[in-house]
Structure formats: C-alpha cells, structure tokens
file model-v8.txt (compact mmCIF, N, CA and C atoms)
# COMPACT_ATOMS: atom_id res chain seq x y z
N MET A 150 5.96 15.22 -23.77
CA MET A 150 5.51 14.30 -22.74
C MET A 150 6.14 14.71 -21.40
N ALA A 151 5.35 14.68 -20.38
CA ALA A 151 5.82 15.09 -19.05
C ALA A 151 6.77 14.04 -18.46
N GLU A 152 7.65 14.53 -17.63
CA GLU A 152 8.59 13.63 -16.95
C GLU A 152 7.82 12.75 -15.97
N GLN A 153 8.12 11.46 -15.99
CA GLN A 153 7.46 10.50 -15.11
C GLN A 153 8.38 10.17 -13.93
N HIS A 154 7.80 10.07 -12.75
CA HIS A 154 8.52 9.63 -11.56
C HIS A 154 7.85 8.39 -11.00
N THR A 155 8.61 7.61 -10.28
CA THR A 155 8.10 6.41 -9.64
C THR A 155 7.95 6.69 -8.15
N TYR A 156 6.76 6.38 -7.64
CA TYR A 156 6.45 6.62 -6.23
C TYR A 156 6.14 5.29 -5.54
N ARG A 157 6.58 5.19 -4.32
CA ARG A 157 6.14 4.09 -3.45
C ARG A 157 5.13 4.68 -2.49
N VAL A 158 3.94 4.08 -2.48
CA VAL A 158 2.85 4.61 -1.67
C VAL A 158 2.34 3.52 -0.72
N ILE A 159 2.19 3.90 0.53
CA ILE A 159 1.58 3.01 1.53
C ILE A 159 0.22 3.60 1.88
N VAL A 160 -0.83 2.81 1.66
CA VAL A 160 -2.19 3.20 2.02
C VAL A 160 -2.56 2.37 3.25
N ARG A 161 -2.91 3.06 4.33
CA ARG A 161 -3.28 2.38 5.57
C ARG A 161 -4.76 2.61 5.84
N GLY A 162 -5.38 1.65 6.50
CA GLY A 162 -6.79 1.79 6.83
C GLY A 162 -7.18 0.86 7.96
N THR A 163 -8.45 0.92 8.31
CA THR A 163 -9.01 0.11 9.38
C THR A 163 -10.13 -0.73 8.78
N TRP A 164 -10.15 -2.01 9.12
CA TRP A 164 -11.26 -2.86 8.69
C TRP A 164 -12.53 -2.33 9.35
N HIS A 165 -13.66 -2.40 8.62
CA HIS A 165 -14.91 -1.88 9.15
C HIS A 165 -16.09 -2.69 8.61
N ASP A 166 -16.97 -3.09 9.50
CA ASP A 166 -18.19 -3.81 9.12
C ASP A 166 -17.90 -5.02 8.24
N LEU A 167 -16.90 -5.82 8.60
CA LEU A 167 -16.63 -7.04 7.85
C LEU A 167 -17.74 -8.04 8.09
N THR A 168 -18.18 -8.68 7.03
CA THR A 168 -19.17 -9.74 7.18
C THR A 168 -18.47 -10.96 7.76
N ASP A 169 -19.24 -11.90 8.28
CA ASP A 169 -18.65 -13.14 8.81
C ASP A 169 -17.89 -13.87 7.71
N GLU A 170 -18.44 -13.86 6.50
CA GLU A 170 -17.79 -14.52 5.37
C GLU A 170 -16.45 -13.84 5.04
N ALA A 171 -16.44 -12.52 4.99
CA ALA A 171 -15.21 -11.78 4.69
C ALA A 171 -14.17 -12.00 5.78
N ARG A 172 -14.61 -11.97 7.03
CA ARG A 172 -13.70 -12.20 8.15
C ARG A 172 -13.07 -13.60 8.06
N ALA A 173 -13.89 -14.59 7.78
CA ALA A 173 -13.38 -15.97 7.66
C ALA A 173 -12.39 -16.09 6.51
N ARG A 174 -12.69 -15.44 5.38
CA ARG A 174 -11.78 -15.49 4.23
C ARG A 174 -10.45 -14.83 4.56
N LEU A 175 -10.49 -13.64 5.18
CA LEU A 175 -9.27 -12.96 5.55
C LEU A 175 -8.43 -13.80 6.51
N LEU A 176 -9.07 -14.39 7.49
CA LEU A 176 -8.34 -15.22 8.46
C LEU A 176 -7.74 -16.46 7.80
N SER A 177 -8.43 -17.03 6.83
CA SER A 177 -7.89 -18.21 6.15
C SER A 177 -6.69 -17.87 5.28
N GLU A 178 -6.56 -16.59 4.90
CA GLU A 178 -5.46 -16.16 4.03
C GLU A 178 -4.42 -15.33 4.76
N VAL A 179 -4.53 -15.24 6.10
CA VAL A 179 -3.66 -14.33 6.85
C VAL A 179 -2.17 -14.61 6.64
N ASP A 180 -1.79 -15.88 6.49
CA ASP A 180 -0.37 -16.21 6.30
C ASP A 180 0.18 -15.67 4.98
N GLU A 181 -0.70 -15.45 4.01
CA GLU A 181 -0.28 -14.93 2.70
C GLU A 181 -0.15 -13.41 2.72
N HIS A 182 -0.54 -12.77 3.84
CA HIS A 182 -0.57 -11.31 3.89
C HIS A 182 0.17 -10.74 5.11
N GLY A 183 1.11 -11.51 5.64
CA GLY A 183 1.84 -11.09 6.83
C GLY A 183 3.04 -10.22 6.52
N LEU A 184 3.79 -9.92 7.57
CA LEU A 184 4.96 -9.03 7.44
C LEU A 184 5.97 -9.52 6.42
N ASP A 185 6.17 -10.83 6.35
CA ASP A 185 7.19 -11.35 5.43
C ASP A 185 6.73 -11.32 3.97
N GLN A 186 5.48 -10.97 3.72
CA GLN A 186 4.96 -10.89 2.36
C GLN A 186 4.89 -9.45 1.83
N MET A 187 5.24 -8.48 2.68
CA MET A 187 5.13 -7.08 2.28
C MET A 187 6.10 -6.74 1.17
N ARG A 188 5.56 -6.10 0.12
CA ARG A 188 6.39 -5.62 -0.98
C ARG A 188 5.60 -4.55 -1.71
N PHE A 189 6.27 -3.75 -2.48
CA PHE A 189 5.61 -2.74 -3.30
C PHE A 189 5.40 -3.31 -4.69
N SER A 190 4.21 -3.10 -5.26
CA SER A 190 3.93 -3.58 -6.61
C SER A 190 2.89 -2.67 -7.26
N GLU A 191 2.81 -2.75 -8.59
CA GLU A 191 1.85 -1.92 -9.31
C GLU A 191 0.41 -2.31 -8.97
N GLU A 192 0.15 -3.59 -8.77
CA GLU A 192 -1.21 -4.04 -8.46
C GLU A 192 -1.55 -3.90 -6.97
N GLY A 193 -0.55 -3.63 -6.17
CA GLY A 193 -0.76 -3.45 -4.74
C GLY A 193 -0.58 -4.74 -3.96
N CYS A 194 -0.06 -4.61 -2.77
CA CYS A 194 0.18 -5.76 -1.90
C CYS A 194 -0.52 -5.48 -0.57
N LEU A 195 -1.51 -6.30 -0.26
CA LEU A 195 -2.30 -6.14 0.96
C LEU A 195 -1.63 -6.86 2.11
N SER A 196 -1.51 -6.19 3.26
CA SER A 196 -0.91 -6.78 4.46
C SER A 196 -1.83 -6.53 5.64
N TYR A 197 -1.97 -7.55 6.49
CA TYR A 197 -2.76 -7.44 7.71
C TYR A 197 -2.40 -8.60 8.62
N ASP A 198 -2.87 -8.55 9.86
CA ASP A 198 -2.61 -9.66 10.78
C ASP A 198 -3.94 -10.23 11.26
N SER A 199 -3.86 -11.27 12.07
CA SER A 199 -5.05 -12.01 12.50
C SER A 199 -5.98 -11.21 13.42
N ALA A 200 -5.52 -10.09 13.95
CA ALA A 200 -6.39 -9.27 14.78
C ALA A 200 -7.48 -8.60 13.94
N LEU A 201 -7.25 -8.49 12.64
CA LEU A 201 -8.19 -7.88 11.70
C LEU A 201 -8.68 -6.51 12.16
N LYS A 202 -7.71 -5.71 12.60
CA LYS A 202 -8.05 -4.34 12.99
C LYS A 202 -7.61 -3.35 11.92
N HIS A 203 -6.33 -3.41 11.54
CA HIS A 203 -5.78 -2.49 10.54
C HIS A 203 -5.18 -3.27 9.39
N PHE A 204 -4.98 -2.58 8.27
CA PHE A 204 -4.35 -3.18 7.10
C PHE A 204 -3.52 -2.12 6.40
N SER A 205 -2.67 -2.55 5.49
CA SER A 205 -1.95 -1.62 4.63
C SER A 205 -1.87 -2.21 3.24
N TYR A 206 -1.82 -1.34 2.27
CA TYR A 206 -1.62 -1.70 0.87
C TYR A 206 -0.37 -0.96 0.43
N ARG A 207 0.51 -1.64 -0.28
CA ARG A 207 1.73 -1.03 -0.79
C ARG A 207 1.68 -1.03 -2.32
N PHE A 208 1.84 0.15 -2.89
CA PHE A 208 1.76 0.33 -4.33
C PHE A 208 3.01 0.99 -4.89
N VAL A 209 3.29 0.68 -6.15
CA VAL A 209 4.23 1.44 -6.97
C VAL A 209 3.36 2.18 -7.97
N VAL A 210 3.49 3.50 -8.00
CA VAL A 210 2.71 4.35 -8.90
C VAL A 210 3.68 5.16 -9.75
N VAL A 211 3.50 5.10 -11.06
CA VAL A 211 4.28 5.93 -11.98
C VAL A 211 3.35 7.06 -12.42
N SER A 212 3.78 8.28 -12.17
CA SER A 212 2.92 9.45 -12.42
C SER A 212 3.78 10.62 -12.86
N ASP A 213 3.12 11.64 -13.41
CA ASP A 213 3.83 12.85 -13.81
C ASP A 213 4.50 13.49 -12.61
N ALA A 214 5.77 13.83 -12.77
CA ALA A 214 6.52 14.44 -11.67
C ALA A 214 5.88 15.75 -11.23
N ALA A 215 5.29 16.48 -12.17
CA ALA A 215 4.68 17.77 -11.84
C ALA A 215 3.48 17.61 -10.91
N ASP A 216 2.84 16.46 -10.94
CA ASP A 216 1.67 16.21 -10.08
C ASP A 216 2.08 15.88 -8.65
N GLY A 217 3.30 15.43 -8.46
CA GLY A 217 3.85 15.21 -7.13
C GLY A 217 3.30 14.02 -6.36
N GLU A 218 3.75 13.96 -5.11
CA GLU A 218 3.40 12.84 -4.23
C GLU A 218 1.92 12.81 -3.90
N GLU A 219 1.27 13.97 -3.86
CA GLU A 219 -0.15 14.02 -3.52
C GLU A 219 -0.98 13.26 -4.55
N MET A 220 -0.67 13.43 -5.82
CA MET A 220 -1.41 12.74 -6.87
C MET A 220 -1.12 11.24 -6.83
N ALA A 221 0.12 10.87 -6.60
CA ALA A 221 0.46 9.45 -6.50
C ALA A 221 -0.31 8.81 -5.34
N ALA A 222 -0.41 9.51 -4.22
CA ALA A 222 -1.15 8.99 -3.07
C ALA A 222 -2.63 8.86 -3.40
N ALA A 223 -3.19 9.82 -4.10
CA ALA A 223 -4.60 9.76 -4.48
C ALA A 223 -4.87 8.59 -5.42
N ILE A 224 -3.96 8.37 -6.36
CA ILE A 224 -4.10 7.24 -7.30
C ILE A 224 -4.08 5.92 -6.52
N ALA A 225 -3.14 5.78 -5.60
CA ALA A 225 -3.03 4.55 -4.83
C ALA A 225 -4.25 4.33 -3.94
N GLU A 226 -4.75 5.39 -3.32
CA GLU A 226 -5.95 5.25 -2.49
C GLU A 226 -7.13 4.79 -3.33
N GLU A 227 -7.26 5.33 -4.53
CA GLU A 227 -8.34 4.91 -5.41
C GLU A 227 -8.20 3.44 -5.79
N GLN A 228 -6.97 3.00 -6.07
CA GLN A 228 -6.72 1.60 -6.40
C GLN A 228 -7.07 0.70 -5.21
N ALA A 229 -6.70 1.11 -4.00
CA ALA A 229 -7.00 0.33 -2.81
C ALA A 229 -8.50 0.24 -2.60
N GLU A 230 -9.20 1.38 -2.72
CA GLU A 230 -10.65 1.38 -2.56
C GLU A 230 -11.32 0.44 -3.55
N THR A 231 -10.89 0.48 -4.79
CA THR A 231 -11.46 -0.40 -5.81
C THR A 231 -11.23 -1.86 -5.48
N ALA A 232 -10.01 -2.21 -5.11
CA ALA A 232 -9.68 -3.60 -4.79
C ALA A 232 -10.47 -4.09 -3.58
N LEU A 233 -10.56 -3.28 -2.55
CA LEU A 233 -11.30 -3.68 -1.35
C LEU A 233 -12.79 -3.84 -1.65
N ARG A 234 -13.36 -2.92 -2.42
CA ARG A 234 -14.77 -3.00 -2.79
C ARG A 234 -15.04 -4.26 -3.61
N GLU A 235 -14.16 -4.54 -4.59
CA GLU A 235 -14.33 -5.72 -5.44
C GLU A 235 -14.29 -7.01 -4.64
N GLN A 236 -13.54 -7.01 -3.54
CA GLN A 236 -13.45 -8.20 -2.69
C GLN A 236 -14.52 -8.23 -1.61
N GLY A 237 -15.35 -7.20 -1.57
CA GLY A 237 -16.41 -7.14 -0.58
C GLY A 237 -15.91 -6.92 0.84
N LEU A 238 -14.81 -6.16 0.97
CA LEU A 238 -14.20 -5.93 2.28
C LEU A 238 -14.50 -4.52 2.76
N GLY A 239 -15.06 -4.42 3.96
CA GLY A 239 -15.38 -3.11 4.53
C GLY A 239 -14.15 -2.45 5.13
N TYR A 240 -14.03 -1.14 4.95
CA TYR A 240 -12.87 -0.39 5.43
C TYR A 240 -13.30 1.02 5.77
N ARG A 241 -12.41 1.73 6.46
CA ARG A 241 -12.62 3.16 6.74
C ARG A 241 -11.27 3.79 7.05
N ASP A 242 -11.27 5.09 7.18
CA ASP A 242 -10.09 5.86 7.61
C ASP A 242 -8.84 5.62 6.77
N LEU A 243 -8.98 5.64 5.44
CA LEU A 243 -7.80 5.49 4.59
C LEU A 243 -6.93 6.74 4.69
N ARG A 244 -5.64 6.50 4.74
CA ARG A 244 -4.65 7.57 4.74
C ARG A 244 -3.42 7.01 4.03
N SER A 245 -2.65 7.87 3.45
CA SER A 245 -1.52 7.37 2.67
C SER A 245 -0.29 8.24 2.82
N SER A 246 0.83 7.65 2.49
CA SER A 246 2.10 8.38 2.44
C SER A 246 2.84 7.92 1.19
N ALA A 247 3.42 8.87 0.48
CA ALA A 247 4.11 8.57 -0.77
C ALA A 247 5.55 9.06 -0.71
N THR A 248 6.41 8.32 -1.38
CA THR A 248 7.82 8.69 -1.48
C THR A 248 8.21 8.67 -2.95
N ASP A 249 8.78 9.77 -3.41
CA ASP A 249 9.25 9.87 -4.79
C ASP A 249 10.63 9.20 -4.86
N MET A 250 10.66 8.04 -5.48
CA MET A 250 11.90 7.26 -5.53
C MET A 250 12.95 7.92 -6.42
N ASP A 251 12.52 8.76 -7.35
CA ASP A 251 13.48 9.44 -8.23
C ASP A 251 14.20 10.59 -7.54
N LEU A 252 13.67 11.04 -6.42
CA LEU A 252 14.30 12.13 -5.68
C LEU A 252 15.01 11.64 -4.41
N MET A 253 14.96 10.35 -4.17
CA MET A 253 15.60 9.79 -2.97
C MET A 253 17.11 9.99 -3.06
N LYS A 254 17.67 10.44 -2.00
CA LYS A 254 19.12 10.58 -1.92
C LYS A 254 19.65 9.35 -1.21
N ILE A 255 20.62 8.72 -1.82
CA ILE A 255 21.21 7.53 -1.22
C ILE A 255 22.54 7.91 -0.62
N ASN A 256 22.66 7.74 0.67
CA ASN A 256 23.91 8.02 1.37
C ASN A 256 24.73 6.74 1.40
N ARG A 257 25.78 6.76 0.66
CA ARG A 257 26.66 5.58 0.60
C ARG A 257 27.81 5.78 1.59
N LYS A 258 28.15 4.69 2.25
CA LYS A 258 29.28 4.75 3.17
C LYS A 258 30.56 4.77 2.35
N PRO A 259 31.51 5.58 2.80
CA PRO A 259 32.78 5.61 2.07
C PRO A 259 33.47 4.25 2.11
N GLY A 260 34.12 3.90 1.03
CA GLY A 260 34.81 2.62 0.96
C GLY A 260 35.99 2.56 1.92
N ARG A 261 36.31 1.38 2.35
CA ARG A 261 37.47 1.20 3.24
C ARG A 261 38.74 1.18 2.40
N ARG A 262 39.76 1.72 2.98
CA ARG A 262 41.04 1.78 2.25
C ARG A 262 41.99 0.77 2.75

call {"tool": "encode", "arguments": {"input": "model-v8.txt", "output": "structure tokens"}}
result
Amino acid sequence: MAEQHTYRVIVRGTWHDLTDEARARLLSEVDEHGLDQMRFSEEGCLSYDSALKHFSYRFVVVSDAADGEEMAAAIAEEQAETALREQGLGYRDLRSSATDMDLMKINRKPGRR
C-alpha cells in the first residue's frame, strides 16, 4: 500500500451567472460562510462574502504521497465543482493551492531558561 499524506487544499473561484434564486440563497446564508467560519474539512468548507464576487473552498484531502500536491489539488477542485453544480451555483476560474501537511516543518521557539 502506498504511503498516504494529508493535504490542505484551498480552491478559489469567481461566482458566475448566478440565478436570482441562487443569489438570494447565498445572501441569506452569508453569515454561515464568513471569515470566522473558515476551516479545512474532508467535505469542504465554502466561504464567501456579501459582495458575491469570489469564493473559496477549503478541503482536507488524503492521497498517495507519490501523487503529490498536484493530485490533491485536482481532487479538491473536482469535489468543489461537484458541490457547486449540485447546489446550482454558477462559477468560473477555479484555481487551487495545496500544502502537504506531512512535510510541513514546524519551527518551534526555543524554551526560556
């Protein structure tokens, strides 16, 4: 079995061709998707503001380490596309960035003596 790594992926995009119904729904739920609600999760966490211009989705993706960050980003983009389509939300210009949490170096401050 291949070694698995955990990736944090942020998928960003622009709202596009939102229907009046979709726009009204997003605005009614804007408080549930603001900055203070941002977190990484396997199912994804959608964030946006009342301007309804841009959005981001934050995912945790567990994938083969050999496939790297590119595959984790592709998986997250596919998950975001599926979720947005299922909700009837128009989008464009998806782009993503992934971080391999298993390779993160943590710089700890030396203890005080």

call {"tool": "residues_around", "arguments": {"input": "model-v8.txt", "residues": "segment 184-201 of chain A", "least_positions_apart": "5", "cutoff": "6 Å", "atoms": "all atoms listed in the file", "output": "PDB file with N, CA and C atoms, keeping the file's coordinate frame"}}
result
ATOM      1  N   TRP A 164     -10.150  -2.010   9.120  1.00  0.00           N
ATOM      2  CA  TRP A 164     -11.260  -2.860   8.690  1.00  0.00           C
ATOM      3  C   TRP A 164     -12.530  -2.330   9.350  1.00  0.00           C
ATOM      4  N   TYR A 206      -1.820  -1.340   2.270  1.00  0.00           N
ATOM      5  CA  TYR A 206      -1.620  -1.700   0.870  1.00  0.00           C
ATOM      6  C   TYR A 206      -0.370  -0.960   0.430  1.00  0.00           C
ATOM      7  N   ARG A 207       0.510  -1.640  -0.280  1.00  0.00           N
ATOM      8  CA  ARG A 207       1.730  -1.030  -0.790  1.00  0.00           C
ATOM      9  C   ARG A 207       1.680  -1.030  -2.320  1.00  0.00           C
ATOM     10  N   PHE A 208       1.840   0.150  -2.890  1.00  0.00           N
ATOM     11  CA  PHE A 208       1.760   0.330  -4.330  1.00  0.00           C
ATOM     12  C   PHE A 208       3.010   0.990  -4.890  1.00  0.00           C
ATOM     13  N   VAL A 209       3.290   0.680  -6.150  1.00  0.00           N
ATOM     14  CA  VAL A 209       4.230   1.440  -6.970  1.00  0.00           C
ATOM     15  C   VAL A 209       3.360   2.180  -7.970  1.00  0.00           C
ATOM     16  N   VAL A 210       3.490   3.500  -8.000  1.00  0.00           N
ATOM     17  CA  VAL A 210       2.710   4.350  -8.900  1.00  0.00           C
ATOM     18  C   VAL A 210       3.680   5.160  -9.750  1.00  0.00           C
TER      19      VAL A 210
END

call {"tool": "select_by_dssp", "arguments": {"input": "model-v8.txt", "residues": "chain A", "states": "strand (DSSP E or B)", "output": "MDAnalysis selection string"}}
result
chainID A and resid 153:164 190 194:197 203:213 240:249

call {"tool": "select_by_dssp", "arguments": {"input": "model-v8.txt", "residues": "chain A", "states": "alpha helix (DSSP H)", "output": "PDB file with N, CA and C atoms, in the coordinates of the input"}}
result
ATOM      1  N   ASP A 169     -19.240 -11.900   8.280  1.00  0.00           N
ATOM      2  CA  ASP A 169     -18.650 -13.140   8.810  1.00  0.00           C
ATOM      3  C   ASP A 169     -17.890 -13.870   7.710  1.00  0.00           C
ATOM      4  N   GLU A 170     -18.440 -13.860   6.500  1.00  0.00           N
ATOM      5  CA  GLU A 170     -17.790 -14.520   5.370  1.00  0.00           C
ATOM      6  C   GLU A 170     -16.450 -13.840   5.040  1.00  0.00           C
ATOM      7  N   ALA A 171     -16.440 -12.520   4.990  1.00  0.00           N
ATOM      8  CA  ALA A 171     -15.210 -11.780   4.690  1.00  0.00           C
ATOM      9  C   ALA A 171     -14.170 -12.000   5.780  1.00  0.00           C
ATOM     10  N   ARG A 172     -14.610 -11.970   7.030  1.00  0.00           N
ATOM     11  CA  ARG A 172     -13.700 -12.200   8.150  1.00  0.00           C
ATOM     12  C   ARG A 172     -13.070 -13.600   8.060  1.00  0.00           C
ATOM     13  N   ALA A 173     -13.890 -14.590   7.780  1.00  0.00           N
ATOM     14  CA  ALA A 173     -13.380 -15.970   7.660  1.00  0.00           C
ATOM     15  C   ALA A 173     -12.390 -16.090   6.510  1.00  0.00           C
ATOM     16  N   ARG A 174     -12.690 -15.440   5.380  1.00  0.00           N
ATOM     17  CA  ARG A 174     -11.780 -15.490   4.230  1.00  0.00           C
ATOM     18  C   ARG A 174     -10.450 -14.830   4.560  1.00  0.00           C
ATOM     19  N   LEU A 175     -10.490 -13.640   5.180  1.00  0.00           N
ATOM     20  CA  LEU A 175      -9.270 -12.960   5.550  1.00  0.00           C
ATOM     21  C   LEU A 175      -8.430 -13.800   6.510  1.00  0.00           C
ATOM     22  N   LEU A 176      -9.070 -14.390   7.490  1.00  0.00           N
ATOM     23  CA  LEU A 176      -8.340 -15.220   8.460  1.00  0.00           C
ATOM     24  C   LEU A 176      -7.740 -16.460   7.800  1.00  0.00           C
ATOM     25  N   SER A 177      -8.430 -17.030   6.830  1.00  0.00           N
ATOM     26  CA  SER A 177      -7.890 -18.210   6.150  1.00  0.00           C
ATOM     27  C   SER A 177      -6.690 -17.870   5.280  1.00  0.00           C
ATOM     28  N   GLY A 217       3.300  15.430  -8.460  1.00  0.00           N
ATOM     29  CA  GLY A 217       3.850  15.210  -7.130  1.00  0.00           C
ATOM     30  C   GLY A 217       3.300  14.020  -6.360  1.00  0.00           C
ATOM     31  N   GLU A 218       3.750  13.960  -5.110  1.00  0.00           N
ATOM     32  CA  GLU A 218       3.400  12.840  -4.230  1.00  0.00           C
ATOM     33  C   GLU A 218       1.920  12.810  -3.900  1.00  0.00           C
ATOM     34  N   GLU A 219       1.270  13.970  -3.860  1.00  0.00           N
ATOM     35  CA  GLU A 219      -0.150  14.020  -3.520  1.00  0.00           C
ATOM     36  C   GLU A 219      -0.980  13.260  -4.550  1.00  0.00           C
ATOM     37  N   MET A 220      -0.670  13.430  -5.820  1.00  0.00           N
ATOM     38  CA  MET A 220      -1.410  12.740  -6.870  1.00  0.00           C
ATOM     39  C   MET A 220      -1.120  11.240  -6.830  1.00  0.00           C
ATOM     40  N   ALA A 221       0.120  10.870  -6.600  1.00  0.00           N
ATOM     41  CA  ALA A 221       0.460   9.450  -6.500  1.00  0.00           C
ATOM     42  C   ALA A 221      -0.310   8.810  -5.340  1.00  0.00           C
ATOM     43  N   ALA A 222      -0.410   9.510  -4.220  1.00  0.00           N
ATOM     44  CA  ALA A 222      -1.150   8.990  -3.070  1.00  0.00           C
ATOM     45  C   ALA A 222      -2.630   8.860  -3.400  1.00  0.00           C
ATOM     46  N   ALA A 223      -3.190   9.820  -4.100  1.00  0.00           N
ATOM     47  CA  ALA A 223      -4.600   9.760  -4.480  1.00  0.00           C
ATOM     48  C   ALA A 223      -4.870   8.590  -5.420  1.00  0.00           C
ATOM     49  N   ILE A 224      -3.960   8.370  -6.360  1.00  0.00           N
ATOM     50  CA  ILE A 224      -4.100   7.240  -7.300  1.00  0.00           C
ATOM     51  C   ILE A 224      -4.080   5.920  -6.520  1.00  0.00           C
ATOM     52  N   ALA A 225      -3.140   5.780  -5.600  1.00  0.00           N
ATOM     53  CA  ALA A 225      -3.030   4.550  -4.830  1.00  0.00           C
ATOM     54  C   ALA A 225      -4.250   4.330  -3.940  1.00  0.00           C
ATOM     55  N   GLU A 226      -4.750   5.390  -3.320  1.00  0.00           N
ATOM     56  CA  GLU A 226      -5.950   5.250  -2.490  1.00  0.00           C
ATOM     57  C   GLU A 226      -7.130   4.790  -3.330  1.00  0.00           C
ATOM     58  N   GLU A 227      -7.260   5.330  -4.530  1.00  0.00           N
ATOM     59  CA  GLU A 227      -8.340   4.910  -5.410  1.00  0.00           C
ATOM     60  C   GLU A 227      -8.200   3.440  -5.790  1.00  0.00           C
ATOM     61  N   GLN A 228      -6.970   3.000  -6.070  1.00  0.00           N
ATOM     62  CA  GLN A 228      -6.720   1.600  -6.400  1.00  0.00           C
ATOM     63  C   GLN A 228      -7.070   0.700  -5.210  1.00  0.00           C
ATOM     64  N   ALA A 229      -6.700   1.110  -4.000  1.00  0.00           N
ATOM     65  CA  ALA A 229      -7.000   0.330  -2.810  1.00  0.00           C
ATOM     66  C   ALA A 229      -8.500   0.240  -2.600  1.00  0.00           C
ATOM     67  N   GLU A 230      -9.200   1.380  -2.720  1.00  0.00           N
ATOM     68  CA  GLU A 230     -10.650   1.380  -2.560  1.00  0.00           C
ATOM     69  C   GLU A 230     -11.320   0.440  -3.550  1.00  0.00           C
ATOM     70  N   THR A 231     -10.890   0.480  -4.790  1.00  0.00           N
ATOM     71  CA  THR A 231     -11.460  -0.400  -5.810  1.00  0.00           C
ATOM     72  C   THR A 231     -11.230  -1.860  -5.480  1.00  0.00           C
ATOM     73  N   ALA A 232     -10.010  -2.210  -5.110  1.00  0.00           N
ATOM     74  CA  ALA A 232      -9.680  -3.600  -4.790  1.00  0.00           C
ATOM     75  C   ALA A 232     -10.470  -4.090  -3.580  1.00  0.00           C
ATOM     76  N   LEU A 233     -10.560  -3.280  -2.550  1.00  0.00           N
ATOM     77  CA  LEU A 233     -11.300  -3.680  -1.350  1.00  0.00           C
ATOM     78  C   LEU A 233     -12.790  -3.840  -1.650  1.00  0.00           C
ATOM     79  N   ARG A 234     -13.360  -2.920  -2.420  1.00  0.00           N
ATOM     80  CA  ARG A 234     -14.770  -3.000  -2.790  1.00  0.00           C
ATOM     81  C   ARG A 234     -15.040  -4.260  -3.610  1.00  0.00           C
ATOM     82  N   GLU A 235     -14.160  -4.540  -4.590  1.00  0.00           N
ATOM     83  CA  GLU A 235     -14.330  -5.720  -5.440  1.00  0.00           C
ATOM     84  C   GLU A 235     -14.290  -7.010  -4.640  1.00  0.00           C
TER      85      GLU A 235
END

call {"tool": "closest_residue", "arguments": {"input": "model-v8.txt", "among": "A:Pro259, A:Arg234, A:Ser212, A:Lys202", "to": "Arg172 of chain A", "atoms": "only C-alpha atoms"}}
result
A:Lys202

call {"tool": "residues_near_point", "arguments": {"input": "model-v8.txt", "point": "(-12.1, -10.2, 6.4)", "cutoff": "10 Å", "atoms": "only C-alpha atoms", "output": "ChimeraX atom specification"}}
result
/A:164-179,197,199,201-202,236-240

call {"tool": "closest_residue", "arguments": {"input": "model-v8.txt", "among": "A:Thr248, A:Arg241, A:Lys258, A:Glu152", "to": "Ala221 of chain A", "atoms": "only C-alpha atoms"}}
result
A:Thr248

call {"tool": "closest_residue", "arguments": {"input": "model-v8.txt", "among": "A:Ala222, A:Ala215, A:Leu243, A:Leu233", "to": "Arg157 of chain A", "atoms": "only C-alpha atoms"}}
result
A:Ala222

call {"tool": "atom_distance", "arguments": {"input": "model-v8.txt", "atom1": "atom CA of Ala151 of chain A", "atom2": "atom CA of Asp251 of chain A"}}
result
14.4 Å

call {"tool": "atom_distance", "arguments": {"input": "model-v8.txt", "atom1": "atom C of Asp242 of chain A", "atom2": "atom C of Ala225 of chain A"}}
result
11.7 Å

call {"tool": "atom_distance", "arguments": {"input": "model-v8.txt", "atom1": "atom CA of Thr163 of chain A", "atom2": "atom CA of Ala223 of chain A"}}
result
17.5 Å

call {"tool": "decode", "arguments": {"input": "model-v8.txt", "residues": "segment 213-233 of chain A", "atoms": "C-alpha atoms", "output": "PDB file, in the first residue's frame"}}
result
ATOM      1  CA  ASP A 213      -0.904   8.902  -2.129  1.00  0.00           C
ATOM      2  CA  ALA A 214       2.279  10.800  -1.344  1.00  0.00           C
ATOM      3  CA  ALA A 215       3.715   9.770  -4.721  1.00  0.00           C
ATOM      4  CA  ASP A 216       0.910  11.648  -6.498  1.00  0.00           C
ATOM      5  CA  GLY A 217       1.880  14.871  -4.737  1.00  0.00           C
ATOM      6  CA  GLU A 218       0.172  18.196  -4.240  1.00  0.00           C
ATOM      7  CA  GLU A 219      -0.997  18.405  -7.863  1.00  0.00           C
ATOM      8  CA  MET A 220      -3.232  15.352  -7.476  1.00  0.00           C
ATOM      9  CA  ALA A 221      -4.589  16.572  -4.142  1.00  0.00           C
ATOM     10  CA  ALA A 222      -5.454  19.912  -5.777  1.00  0.00           C
ATOM     11  CA  ALA A 223      -7.170  18.149  -8.687  1.00  0.00           C
ATOM     12  CA  ILE A 224      -9.215  16.007  -6.292  1.00  0.00           C
ATOM     13  CA  ALA A 225     -10.304  19.076  -4.315  1.00  0.00           C
ATOM     14  CA  GLU A 226     -11.220  21.010  -7.464  1.00  0.00           C
ATOM     15  CA  GLU A 227     -13.367  18.098  -8.605  1.00  0.00           C
ATOM     16  CA  GLN A 228     -15.087  17.977  -5.202  1.00  0.00           C
ATOM     17  CA  ALA A 229     -15.736  21.740  -5.340  1.00  0.00           C
ATOM     18  CA  GLU A 230     -17.128  21.524  -8.879  1.00  0.00           C
ATOM     19  CA  THR A 231     -19.459  18.705  -7.871  1.00  0.00           C
ATOM     20  CA  ALA A 232     -20.713  20.529  -4.774  1.00  0.00           C
ATOM     21  CA  LEU A 233     -21.287  23.795  -6.634  1.00  0.00           C
TER      22      LEU A 233
END
